[in-house]
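*Asks:* Please find final16.cif (mmCIF, C-alpha atoms) on the next line:
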```cif
data_final
#
loop_
_atom_site.label_atom_id
_atom_site.label_comp_id
_atom_site.auth_asym_id
_atom_site.auth_seq_id
_atom_site.Cartn_x
_atom_site.Cartn_y
_atom_site.Cartn_z
CA MET A 1 20.04 10.40 -6.19
CA PRO A 2 17.88 9.42 -3.17
CA LEU A 3 20.67 7.31 -1.58
CA LYS A 4 22.75 9.98 0.17
CA SER A 5 24.89 9.51 3.27
CA ASP A 6 23.96 12.80 4.98
CA ALA A 7 20.19 12.68 4.31
CA PRO A 8 17.97 13.38 7.35
CA THR A 9 15.81 10.34 6.53
CA GLU A 10 17.33 7.06 7.75
CA ILE A 11 16.25 3.45 7.24
CA THR A 12 17.75 0.24 8.53
CA ALA A 13 18.63 -2.66 6.24
CA PHE A 14 20.74 -5.82 6.35
CA ARG A 15 24.42 -5.88 5.47
CA TRP A 16 24.07 -9.24 3.72
CA VAL A 17 21.46 -12.03 3.40
CA PRO A 18 21.58 -15.43 1.64
CA ASP A 19 20.62 -15.61 -2.04
CA PHE A 20 16.99 -16.69 -1.50
CA ALA A 21 16.24 -13.46 0.38
CA GLN A 22 18.21 -11.03 -1.79
CA GLY A 23 15.87 -8.57 -3.49
CA LEU A 24 13.07 -9.44 -1.05
CA VAL A 25 14.14 -7.81 2.25
CA ARG A 26 11.55 -5.29 3.30
CA ASP A 27 13.73 -2.17 3.21
CA LEU A 28 13.21 -2.53 -0.57
CA ARG A 29 9.62 -1.32 -0.10
CA LEU A 30 10.86 1.96 1.38
CA ARG A 31 13.74 2.38 -1.06
CA TRP A 32 11.21 1.97 -3.89
CA ALA A 33 8.83 4.57 -2.42
CA MET A 34 11.65 7.04 -1.86
CA GLU A 35 12.88 6.62 -5.43
CA GLU A 36 9.33 7.27 -6.70
CA ILE A 37 9.29 10.68 -4.99
CA GLY A 38 13.02 11.52 -5.20
CA ARG A 39 13.37 11.63 -1.41
CA ASP A 40 16.96 11.39 -0.16
CA TYR A 41 17.67 8.73 2.47
CA ARG A 42 20.61 7.07 4.17
CA VAL A 43 20.93 3.45 5.28
CA ARG A 44 22.07 2.05 8.64
CA LEU A 45 23.19 -1.56 8.21
CA LEU A 46 22.53 -4.43 10.63
CA ASN A 47 23.96 -7.94 10.68
CA ALA A 48 21.18 -10.37 9.64
CA LEU A 49 23.17 -13.41 10.76
CA LYS A 50 23.60 -12.34 14.39
CA PRO A 51 20.93 -11.56 17.01
CA ARG A 52 19.91 -7.92 16.83
CA PRO A 53 21.54 -5.67 19.50
CA GLU A 54 19.29 -5.33 22.56
CA GLU A 55 18.81 -1.57 22.00
CA TYR A 56 17.47 -2.14 18.48
CA PHE A 57 14.29 -3.62 20.00
CA HIS A 58 13.54 -0.17 21.45
CA GLU A 59 13.40 1.07 17.88
CA GLN A 60 11.85 -1.98 16.18
CA PRO A 61 9.93 -4.12 18.71
CA PHE A 62 10.31 -7.33 16.65
CA GLY A 63 13.95 -6.78 15.69
CA GLN A 64 13.05 -6.62 12.00
CA VAL A 65 14.15 -4.27 9.25
CA PRO A 66 13.27 -1.62 8.23
CA PHE A 67 13.13 0.89 11.07
CA TYR A 68 12.56 4.41 9.74
CA LYS A 69 13.22 7.87 11.09
CA ASP A 70 13.08 11.40 9.75
CA ASP A 71 12.71 14.89 11.29
CA GLU A 72 9.09 14.14 12.17
CA VAL A 73 8.60 10.47 13.09
CA GLU A 74 10.25 7.23 14.21
CA LEU A 75 8.36 4.30 12.71
CA PHE A 76 8.38 0.57 12.16
CA GLU A 77 6.19 -1.66 9.89
CA SER A 78 6.77 -1.03 6.18
CA GLY A 79 3.00 -0.56 5.70
CA ALA A 80 2.86 2.32 8.18
CA ILE A 81 5.99 3.92 6.73
CA LEU A 82 4.50 3.80 3.23
CA ILE A 83 1.34 5.50 4.57
CA HIS A 84 3.51 8.17 6.22
CA LEU A 85 5.40 8.81 2.95
CA GLY A 86 2.14 8.70 0.99
CA LEU A 87 0.51 11.34 3.18
CA GLN A 88 3.40 13.65 2.23
CA ASP A 89 3.39 13.05 -1.52
CA GLU A 90 0.46 12.73 -3.90
CA ARG A 91 2.50 10.57 -6.28
CA LEU A 92 2.21 7.75 -3.72
CA LEU A 93 -1.29 8.39 -2.32
CA PRO A 94 -4.21 10.53 -3.58
CA THR A 95 -5.06 13.59 -1.49
CA ASP A 96 -8.86 13.14 -1.57
CA HIS A 97 -10.11 11.12 1.39
CA ALA A 98 -12.11 8.41 -0.43
CA PRO A 99 -9.45 7.34 -2.99
CA ARG A 100 -6.78 7.74 -0.30
CA MET A 101 -8.64 5.31 1.97
CA ARG A 102 -9.18 2.84 -0.91
CA ALA A 103 -5.41 2.79 -1.49
CA ILE A 104 -4.83 2.24 2.24
CA ALA A 105 -7.40 -0.60 2.20
CA TRP A 106 -5.51 -2.39 -0.58
CA THR A 107 -2.18 -1.78 1.18
CA ILE A 108 -3.58 -3.52 4.25
CA ALA A 109 -5.14 -6.27 2.10
CA ALA A 110 -1.63 -7.01 0.80
CA LEU A 111 -0.36 -7.27 4.39
CA ASN A 112 -3.27 -9.11 6.00
CA SER A 113 -5.26 -10.97 3.30
CA ILE A 114 -2.47 -12.04 0.91
CA GLU A 115 0.84 -12.07 2.80
CA PRO A 116 -0.16 -14.28 5.78
CA VAL A 117 -1.20 -17.17 3.48
CA LEU A 118 1.86 -16.61 1.32
CA LEU A 119 4.15 -16.58 4.38
CA MET A 120 2.63 -19.86 5.54
CA LEU A 121 3.66 -21.42 2.22
CA ILE A 122 7.14 -19.90 2.45
CA SER A 123 7.46 -21.13 6.05
CA LEU A 124 6.66 -24.67 4.95
CA ASP A 125 9.15 -24.47 2.07
CA VAL A 126 12.01 -22.74 3.86
CA PHE A 127 11.80 -22.55 7.65
CA ILE A 128 9.91 -25.56 9.03
CA LYS A 129 12.45 -28.24 9.97
CA ASP A 130 10.07 -31.23 9.77
CA LYS A 131 10.27 -31.32 5.97
CA GLU A 132 8.12 -34.41 5.54
CA ALA A 133 5.19 -33.02 7.58
CA ALA A 134 5.56 -29.68 5.79
CA LYS A 135 5.32 -31.43 2.43
CA ARG A 136 2.11 -33.19 3.47
CA ILE A 137 0.42 -29.94 4.48
CA ARG A 138 1.67 -27.96 1.49
CA PRO A 139 -1.17 -28.78 -0.98
CA GLU A 140 -3.80 -27.46 1.46
CA VAL A 141 -1.91 -24.19 1.89
CA VAL A 142 -1.34 -23.85 -1.87
CA GLU A 143 -5.08 -24.29 -2.41
CA ARG A 144 -5.87 -21.56 0.10
CA LEU A 145 -3.31 -19.19 -1.42
CA ALA A 146 -4.60 -19.91 -4.93
CA GLY A 147 -8.09 -18.94 -3.74
CA ARG A 148 -6.83 -15.58 -2.50
CA LEU A 149 -4.84 -14.98 -5.69
CA LYS A 150 -7.96 -15.79 -7.75
CA ASN A 151 -9.90 -13.13 -5.80
CA LEU A 152 -7.08 -10.65 -6.36
CA SER A 153 -6.80 -11.52 -10.06
CA GLU A 154 -10.54 -10.93 -10.53
CA ALA A 155 -10.43 -7.65 -8.60
CA LEU A 156 -7.53 -6.37 -10.71
CA GLY A 157 -9.09 -7.55 -13.99
CA ASP A 158 -7.47 -5.85 -16.98
CA ARG A 159 -6.51 -2.67 -15.15
CA ASP A 160 -2.87 -1.61 -14.78
CA TRP A 161 -3.14 -0.71 -11.09
CA LEU A 162 -5.56 -1.63 -8.28
CA GLU A 163 -7.32 1.74 -8.05
CA GLY A 164 -6.82 3.33 -11.46
CA ARG A 165 -3.39 4.87 -10.85
CA PHE A 166 -0.15 3.74 -9.16
CA THR A 167 -0.23 4.14 -5.36
CA ILE A 168 1.39 2.59 -2.27
CA ALA A 169 -1.27 -0.15 -2.64
CA ASP A 170 0.42 -1.37 -5.83
CA LEU A 171 3.89 -0.90 -4.40
CA MET A 172 2.98 -3.05 -1.39
CA MET A 173 0.96 -5.66 -3.29
CA ILE A 174 3.71 -6.15 -5.88
CA ALA A 175 6.38 -6.32 -3.15
CA VAL A 176 4.31 -9.03 -1.42
CA LEU A 177 3.60 -11.01 -4.61
CA ARG A 178 7.28 -10.95 -5.64
CA GLN A 179 7.96 -13.35 -2.77
CA LEU A 180 6.25 -16.01 -4.92
CA ARG A 181 8.86 -15.71 -7.67
CA GLY A 182 9.52 -19.05 -9.29
CA LYS A 183 6.44 -20.68 -7.72
CA SER A 184 3.72 -22.14 -9.92
CA THR A 185 0.90 -20.88 -7.69
CA ILE A 186 0.98 -17.39 -9.20
CA ALA A 187 1.82 -18.47 -12.78
CA GLN A 188 -1.79 -19.56 -13.38
CA PHE A 189 -2.88 -15.90 -13.13
CA PRO A 190 -1.36 -14.11 -16.16
CA ASN A 191 -2.76 -10.71 -15.16
CA LEU A 192 -1.01 -10.94 -11.77
CA MET A 193 2.26 -11.96 -13.44
CA ALA A 194 1.95 -8.95 -15.77
CA TYR A 195 1.06 -6.71 -12.81
CA VAL A 196 4.24 -7.71 -10.95
CA GLU A 197 6.32 -7.16 -14.09
CA ARG A 198 4.69 -3.74 -14.58
CA GLY A 199 5.81 -2.75 -11.10
CA GLU A 200 9.29 -4.17 -11.55
CA ALA A 201 9.70 -2.22 -14.81
CA ARG A 202 9.33 1.13 -13.05
CA PRO A 203 12.66 3.03 -12.95
CA ALA A 204 12.16 3.69 -9.21
CA PHE A 205 11.84 -0.04 -8.50
CA ARG A 206 14.89 -0.89 -10.58
CA GLN A 207 17.04 1.69 -8.80
CA ALA A 208 15.82 0.50 -5.38
CA LEU A 209 16.54 -3.13 -6.22
CA ALA A 210 19.99 -2.30 -7.61
CA ASP A 211 20.83 -0.40 -4.40
CA GLN A 212 19.74 -3.26 -2.12
CA LEU A 213 21.71 -5.82 -4.16
CA GLN A 214 24.79 -3.57 -4.31
CA THR A 215 24.97 -3.54 -0.50
CA PHE A 216 24.86 -7.34 -0.40
CA LYS A 217 27.58 -7.54 -3.08
CA GLU A 218 29.85 -5.17 -1.15
CA ASN A 219 29.41 -7.10 2.08
CA GLU A 220 29.44 -10.70 0.86
CA PRO A 221 31.00 -12.89 3.59
CA GLU A 222 34.20 -14.77 2.79
CA PRO A 223 33.40 -18.41 1.97
CA GLU A 224 34.10 -20.79 4.88
CA PRO A 225 37.32 -22.75 4.35
CA ALA A 226 36.46 -26.21 3.00
CA MET B 1 -27.25 3.24 21.02
CA PRO B 2 -24.90 2.85 18.01
CA LEU B 3 -26.81 -0.17 16.59
CA LYS B 4 -29.63 1.54 14.68
CA SER B 5 -31.47 0.16 11.64
CA ASP B 6 -31.66 3.46 9.71
CA ALA B 7 -28.06 4.64 10.34
CA PRO B 8 -26.16 5.84 7.23
CA THR B 9 -23.12 3.74 8.23
CA GLU B 10 -23.46 0.07 7.25
CA ILE B 11 -21.24 -2.92 7.99
CA THR B 12 -21.58 -6.54 6.94
CA ALA B 13 -21.50 -9.40 9.44
CA PHE B 14 -22.41 -13.08 9.57
CA ARG B 15 -25.88 -14.30 10.48
CA TRP B 16 -24.46 -17.22 12.46
CA VAL B 17 -21.10 -18.97 12.95
CA PRO B 18 -20.10 -22.09 14.95
CA ASP B 19 -19.18 -21.69 18.62
CA PHE B 20 -15.39 -21.55 18.13
CA ALA B 21 -15.73 -18.39 16.00
CA GLN B 22 -18.41 -16.61 18.02
CA GLY B 23 -17.05 -13.40 19.52
CA LEU B 24 -14.08 -13.45 17.12
CA VAL B 25 -15.59 -12.50 13.73
CA ARG B 26 -13.97 -9.32 12.46
CA ASP B 27 -17.06 -7.11 12.37
CA LEU B 28 -16.49 -7.02 16.16
CA ARG B 29 -13.49 -4.72 15.58
CA LEU B 30 -15.74 -2.15 13.88
CA ARG B 31 -18.63 -2.54 16.33
CA TRP B 32 -16.14 -1.90 19.15
CA ALA B 33 -14.74 1.23 17.48
CA MET B 34 -18.22 2.60 16.79
CA GLU B 35 -19.26 2.02 20.39
CA GLU B 36 -16.13 3.89 21.56
CA ILE B 37 -17.22 7.00 19.64
CA GLY B 38 -21.01 6.58 19.83
CA ARG B 39 -21.33 6.32 16.05
CA ASP B 40 -24.64 4.81 14.86
CA TYR B 41 -24.41 1.90 12.41
CA ARG B 42 -26.59 -0.77 10.87
CA VAL B 43 -25.69 -4.35 10.02
CA ARG B 44 -26.26 -6.28 6.78
CA LEU B 45 -26.12 -10.01 7.45
CA LEU B 46 -24.53 -12.65 5.22
CA ASN B 47 -24.70 -16.43 5.45
CA ALA B 48 -21.30 -17.73 6.61
CA LEU B 49 -22.14 -21.32 5.72
CA LYS B 50 -22.87 -20.71 2.03
CA PRO B 51 -20.58 -19.28 -0.67
CA ARG B 52 -20.82 -15.50 -0.75
CA PRO B 53 -23.07 -14.10 -3.54
CA GLU B 54 -21.04 -13.23 -6.66
CA GLU B 55 -21.85 -9.50 -6.37
CA TYR B 56 -20.43 -9.36 -2.83
CA PHE B 57 -16.92 -9.78 -4.28
CA HIS B 58 -17.33 -6.39 -5.98
CA GLU B 59 -17.65 -4.94 -2.47
CA GLN B 60 -15.19 -7.18 -0.61
CA PRO B 61 -12.64 -8.72 -3.01
CA PHE B 62 -11.97 -11.74 -0.74
CA GLY B 63 -15.60 -12.37 0.23
CA GLN B 64 -14.82 -11.66 3.90
CA VAL B 65 -16.69 -9.63 6.49
CA PRO B 66 -16.77 -6.78 7.32
CA PHE B 67 -17.42 -4.57 4.31
CA TYR B 68 -18.06 -0.97 5.41
CA LYS B 69 -19.83 1.98 3.82
CA ASP B 70 -20.88 5.44 4.92
CA ASP B 71 -21.66 8.72 3.14
CA GLU B 72 -18.00 9.17 2.28
CA VAL B 73 -16.29 5.82 1.59
CA GLU B 74 -16.76 2.15 0.72
CA LEU B 75 -14.03 0.13 2.39
CA PHE B 76 -12.80 -3.36 3.20
CA GLU B 77 -10.05 -4.58 5.59
CA SER B 78 -10.83 -3.92 9.24
CA GLY B 79 -7.44 -2.20 9.67
CA ALA B 80 -8.23 0.38 6.98
CA ILE B 81 -11.72 0.96 8.35
CA LEU B 82 -10.31 1.57 11.84
CA ILE B 83 -7.89 4.13 10.36
CA HIS B 84 -10.82 5.81 8.56
CA LEU B 85 -12.83 6.00 11.80
CA GLY B 86 -9.75 7.11 13.72
CA LEU B 87 -9.07 9.99 11.33
CA GLN B 88 -12.56 11.26 12.17
CA ASP B 89 -12.40 10.96 15.94
CA GLU B 90 -9.56 11.79 18.31
CA ARG B 91 -10.80 9.24 20.85
CA LEU B 92 -9.55 6.52 18.47
CA LEU B 93 -6.46 8.18 17.00
CA PRO B 94 -4.42 11.24 18.08
CA THR B 95 -4.61 14.27 15.77
CA ASP B 96 -0.88 15.11 15.85
CA HIS B 97 1.01 13.44 13.02
CA ALA B 98 3.79 11.67 14.98
CA PRO B 99 1.60 9.95 17.64
CA ARG B 100 -1.01 9.26 14.96
CA MET B 101 1.57 7.43 12.84
CA ARG B 102 2.85 5.49 15.88
CA ALA B 103 -0.68 4.22 16.50
CA ILE B 104 -1.01 3.25 12.83
CA ALA B 105 2.35 1.44 13.03
CA TRP B 106 1.14 -0.68 15.96
CA THR B 107 -2.18 -1.32 14.20
CA ILE B 108 -0.26 -2.72 11.24
CA ALA B 109 2.09 -4.64 13.55
CA ALA B 110 -0.99 -6.42 14.94
CA LEU B 111 -2.05 -7.32 11.39
CA ASN B 112 1.32 -8.19 9.86
CA SER B 113 3.78 -9.11 12.65
CA ILE B 114 1.48 -10.87 15.14
CA GLU B 115 -1.62 -12.12 13.31
CA PRO B 116 0.09 -14.07 10.47
CA VAL B 117 2.01 -16.29 12.94
CA LEU B 118 -1.09 -16.63 15.11
CA LEU B 119 -3.23 -17.57 12.08
CA MET B 120 -0.70 -20.22 11.12
CA LEU B 121 -1.20 -21.82 14.55
CA ILE B 122 -4.99 -21.57 14.25
CA SER B 123 -4.84 -23.06 10.74
CA LEU B 124 -2.93 -26.05 12.08
CA ASP B 125 -5.37 -26.49 14.97
CA VAL B 126 -8.63 -25.93 13.10
CA PHE B 127 -8.46 -25.95 9.31
CA ILE B 128 -5.66 -28.25 8.10
CA LYS B 129 -7.15 -31.66 7.36
CA ASP B 130 -3.94 -33.69 7.74
CA LYS B 131 -4.14 -33.58 11.54
CA GLU B 132 -1.09 -35.75 12.15
CA ALA B 133 1.23 -33.62 9.99
CA ALA B 134 -0.23 -30.46 11.56
CA LYS B 135 0.54 -31.81 15.01
CA ARG B 136 4.15 -32.48 14.06
CA ILE B 137 4.69 -28.93 12.81
CA ARG B 138 2.83 -27.27 15.68
CA PRO B 139 5.75 -26.94 18.17
CA GLU B 140 7.83 -25.00 15.63
CA VAL B 141 4.97 -22.56 15.00
CA VAL B 142 4.29 -22.19 18.73
CA GLU B 143 7.95 -21.32 19.25
CA ARG B 144 7.83 -18.67 16.55
CA LEU B 145 4.61 -17.18 17.94
CA ALA B 146 6.03 -17.19 21.48
CA GLY B 147 9.01 -15.20 20.18
CA ARG B 148 6.73 -12.54 18.73
CA LEU B 149 4.62 -12.41 21.90
CA LYS B 150 7.81 -12.00 23.96
CA ASN B 151 8.77 -9.00 21.83
CA LEU B 152 5.29 -7.55 22.25
CA SER B 153 5.28 -8.22 25.99
CA GLU B 154 8.60 -6.39 26.39
CA ALA B 155 7.43 -3.47 24.24
CA LEU B 156 4.25 -3.09 26.29
CA GLY B 157 6.06 -3.44 29.63
CA ASP B 158 3.94 -2.19 32.50
CA ARG B 159 1.99 0.36 30.49
CA ASP B 160 -1.77 0.13 30.09
CA TRP B 161 -1.78 0.82 26.34
CA LEU B 162 0.83 0.56 23.57
CA GLU B 163 1.37 4.31 23.10
CA GLY B 164 0.34 5.84 26.42
CA ARG B 165 -3.40 6.14 25.74
CA PHE B 166 -6.06 3.88 24.17
CA THR B 167 -6.07 4.03 20.34
CA ILE B 168 -7.04 1.83 17.39
CA ALA B 169 -3.63 0.16 17.91
CA ASP B 170 -4.86 -1.33 21.19
CA LEU B 171 -8.27 -2.14 19.78
CA MET B 172 -6.67 -4.07 16.90
CA MET B 173 -3.91 -5.72 18.94
CA ILE B 174 -6.37 -6.92 21.59
CA ALA B 175 -8.82 -8.15 18.92
CA VAL B 176 -5.95 -10.12 17.34
CA LEU B 177 -4.65 -11.55 20.66
CA ARG B 178 -8.15 -12.63 21.73
CA GLN B 179 -7.96 -15.32 19.02
CA LEU B 180 -5.50 -17.10 21.34
CA ARG B 181 -8.09 -17.50 24.09
CA GLY B 182 -7.64 -20.76 25.92
CA LYS B 183 -4.16 -21.36 24.45
CA SER B 184 -1.15 -21.70 26.71
CA THR B 185 1.12 -19.73 24.35
CA ILE B 186 -0.11 -16.38 25.63
CA ALA B 187 -0.60 -17.41 29.28
CA GLN B 188 3.17 -17.21 29.91
CA PHE B 189 2.98 -13.42 29.41
CA PRO B 190 0.93 -12.05 32.32
CA ASN B 191 1.13 -8.44 31.10
CA LEU B 192 -0.40 -9.47 27.75
CA MET B 193 -3.17 -11.40 29.51
CA ALA B 194 -3.91 -8.31 31.63
CA TYR B 195 -3.78 -6.11 28.52
CA VAL B 196 -6.42 -8.23 26.77
CA GLU B 197 -8.61 -8.19 29.89
CA ARG B 198 -8.20 -4.41 30.13
CA GLY B 199 -9.56 -4.06 26.61
CA GLU B 200 -12.38 -6.53 27.19
CA ALA B 201 -13.45 -4.61 30.32
CA ARG B 202 -14.18 -1.44 28.33
CA PRO B 203 -17.94 -0.78 28.13
CA ALA B 204 -17.66 -0.24 24.36
CA PHE B 205 -16.11 -3.68 23.90
CA ARG B 206 -18.73 -5.36 26.07
CA GLN B 207 -21.60 -3.77 24.14
CA ALA B 208 -20.02 -4.71 20.79
CA LEU B 209 -19.50 -8.31 21.88
CA ALA B 210 -23.04 -8.58 23.25
CA ASP B 211 -24.44 -7.29 19.94
CA GLN B 212 -22.44 -9.76 17.84
CA LEU B 213 -23.46 -12.69 20.06
CA GLN B 214 -27.11 -11.58 20.10
CA THR B 215 -27.27 -11.87 16.29
CA PHE B 216 -25.91 -15.43 16.46
CA LYS B 217 -28.42 -16.33 19.17
CA GLU B 218 -31.33 -14.99 17.12
CA ASN B 219 -30.23 -16.89 14.02
CA GLU B 220 -29.08 -20.19 15.49
CA PRO B 221 -29.78 -22.97 12.96
CA GLU B 222 -32.20 -25.75 13.92
CA PRO B 223 -30.24 -28.86 15.01
CA GLU B 224 -30.07 -31.53 12.29
CA PRO B 225 -32.51 -34.42 12.94
CA ALA B 226 -30.64 -37.30 14.55
#
```
Show me this structure written as structure tokens.

*Replies:*
Amino acid sequence: MPLKSDAPTEITAFRWVPDFAQGLVRDLRLRWAMEEIGRDYRVRLLNALKPRPEEYFHEQPFGQVPFYKDDEVELFESGAILIHLGLQDERLLPTDHAPRMRAIAWTIAALNSIEPVLLMLISLDVFIKDKEAAKRIRPEVVERLAGRLKNLSEALGDRDWLEGRFTIADLMMIAVLRQLRGKSTIAQFPNLMAYVERGEARPAFRQALADQLQTFKENEPEPEPA
Amino acid sequence: MPLKSDAPTEITAFRWVPDFAQGLVRDLRLRWAMEEIGRDYRVRLLNALKPRPEEYFHEQPFGQVPFYKDDEVELFESGAILIHLGLQDERLLPTDHAPRMRAIAWTIAALNSIEPVLLMLISLDVFIKDKEAAKRIRPEVVERLAGRLKNLSEALGDRDWLEGRFTIADLMMIAVLRQLRGKSTIAQFPNLMAYVERGEARPAFRQALADQLQTFKENEPEPEPA
């Protein structure tokens, strides 16, 4: 049972987030990795709805979750934390230098070649307040994202995982692609849909997701009086 | 002289790009790193104005530059290539695990917490065709970017480099921030302006920049007949 209140490894996560973000907050990436290797961890909860306490920025410069610490390191950026965990466990990252670096390259591709375009689409759909202008720009962003997904779909081909076996590259890429759930942009690439489902079917992913959702369920705010 | 036609290390770069992109194409990040450690490399040039040859996507899944190869690895994503070079040379990345991982965390922060917001602004200014809608959304994106730059400015404080000494984290962060040249968003943070200038003053950076610009000068297309 990786989730353990006295574990030396600690991550931060949110106490509660609105429905659209549940199952997508980035501590899930770490929970998933720790379930894959059976590493115990504990969770420190932050309030997503209030500004982060000033001292938290000394831990996480952008005020995001997750921040990670263990006996050896204090780290931010889920990509870096996955690399740190991968360097300690072959089940997440090969030990030979060349395949290890290929997995790191794909991890960074998820973060820098796929996620920025995907986040632009999500910004337009969720965060930008000028809804009409956002709607006008949307088709151009969808086209750009579809181009990237086409490249990814062709690179994956009919393989199960990006570099022959499951690594942090797949964990990160699938975590990034899951943010497109319910959007038609990804549905035109059946091998990417199957790839995401393959990741989500892993027992480690299912446990991690259940644990994140359980926290939100336990801390659901009282509805405002009508 | 790192630039050497028979070097075993090869990177790809563009033959020529329009003015606005000169000095910003991502092969610069690798040229800079290789100048820092005196590592010889050769350049294979691609045409930026035409679609990439089909076989190039087997090397670089998204058709971008740079693709990198040496005797040991074939890699894409400038972030991963900097980590690969850093693991081989202490001048780019500390050898102790904890400071090494801190530098990797900041490298990924540049790529995933700063660059995506910055690229959204650049997309609106340069690539989005619906200029009027882009202009309406722009202030919201500027505000978001300014928030991230404020976090970065406070994390850097009055230090010269992000983690006490120059590493790939600074190389990447400065390469990312340079894309804001001439924009007012960064000018309100004098320590970030000074940080970028500090990086650009390094002899390795200046040589790398000169080499990228020299290629563009040599391959400038003939002006179209009027």

*Asks:* Of the candidates B:Asp96, B:Glu35, B:Glu220, B:Asp211, which one gets nearest to chain A if we count all atoms listed in the file?

*Replies:*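 Looking only at the distances to chain A, the closest residue turns out to be B:Asp96.
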
*Asks:* Using the chain letters and numbers from the file, give me the residues hit by the PyMOL selection byres ((chain B) within 6 of (chain A)), as a VMD selection string.

*Replies:* chain B and resid 61 to 62 73 77 80 98 105 111 to 112 116 133 151

*Asks:* Go ahead and compute the interatomic distance for CA of Gly157 in chain A and CA of Thr12 in chain B, in Å to one decimal.

*Replies:*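 Computing the Euclidean distance for CA of Gly157 in chain A and CA of Thr12 in chain B yields 24.4 Å.
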
*Asks:* For Asp160 in chain A, find every residue with an atom within 10 Å (counting only C-alpha atoms), except residues of its own chain fewer than 3 positions away, and show them as JSON, numbers by chain.

*Replies:* {"A": [156, 157, 163, 164, 165, 166, 170, 191, 192, 194, 195, 198, 199]}

*Asks:* Check the smallest atom-to-atom distance from each of B:Leu213, B:Lys50, B:Leu3, B:Ile168 to Asp19 in chain B using only C-alpha atoms, then report the winner.

*Replies:* B:Leu213

*Asks:* Record the distance separating CA of Tyr68 in chain B and CA of Leu45 in chain B, expressed in Å with one decimal.

*Replies:*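 The value is 12.3 Å.
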
*Asks:* Which polymer residues have any atom within 8 Å of an atom of Leu28 in chain B, counting all atoms listed in the file, with same-chain residues fewer than 3 positions away left out, as a list of chain:residue names?

*Replies:*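 Counting only the stated atoms, we get B:Gly23, B:Leu24, B:Val25, B:Arg31, B:Trp32, B:Ala208, B:Leu209, B:Gln212.
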
*Asks:* Would you compute an axis-aligned box for range 55-69 of chain A, covering every atom listed for it in the file with 3 Å of margin on each side, and report centre and edge lengths in Å to one decimal as JSON?

*Replies:*
```
{"center_x": 14.4, "center_y": 0.3, "center_z": 15.1, "size_x": 14.9, "size_y": 21.2, "size_z": 19.8}
```

*Asks:* Could you check which of B:Ala13, B:Arg206, B:Ala201, B:Thr95 is closest to Arg52 in chain B, using all atoms listed in the file?

*Replies:* B:Ala13

*Asks:* Provide the CA of Leu171 in chain A to CA of Met34 in chain A distance in Å, to one decimal place.

*Replies:* 11.4 Å

*Asks:* Using only C-alpha atoms, which residues sit within 12 Å of Val196 in chain A once same-chain residues fewer than 5 positions away are excluded, as a VMD selection string?

*Replies:* chain A and resid 153 156 160 to 162 170 to 181 186 to 187 189 to 191 201 to 202 205
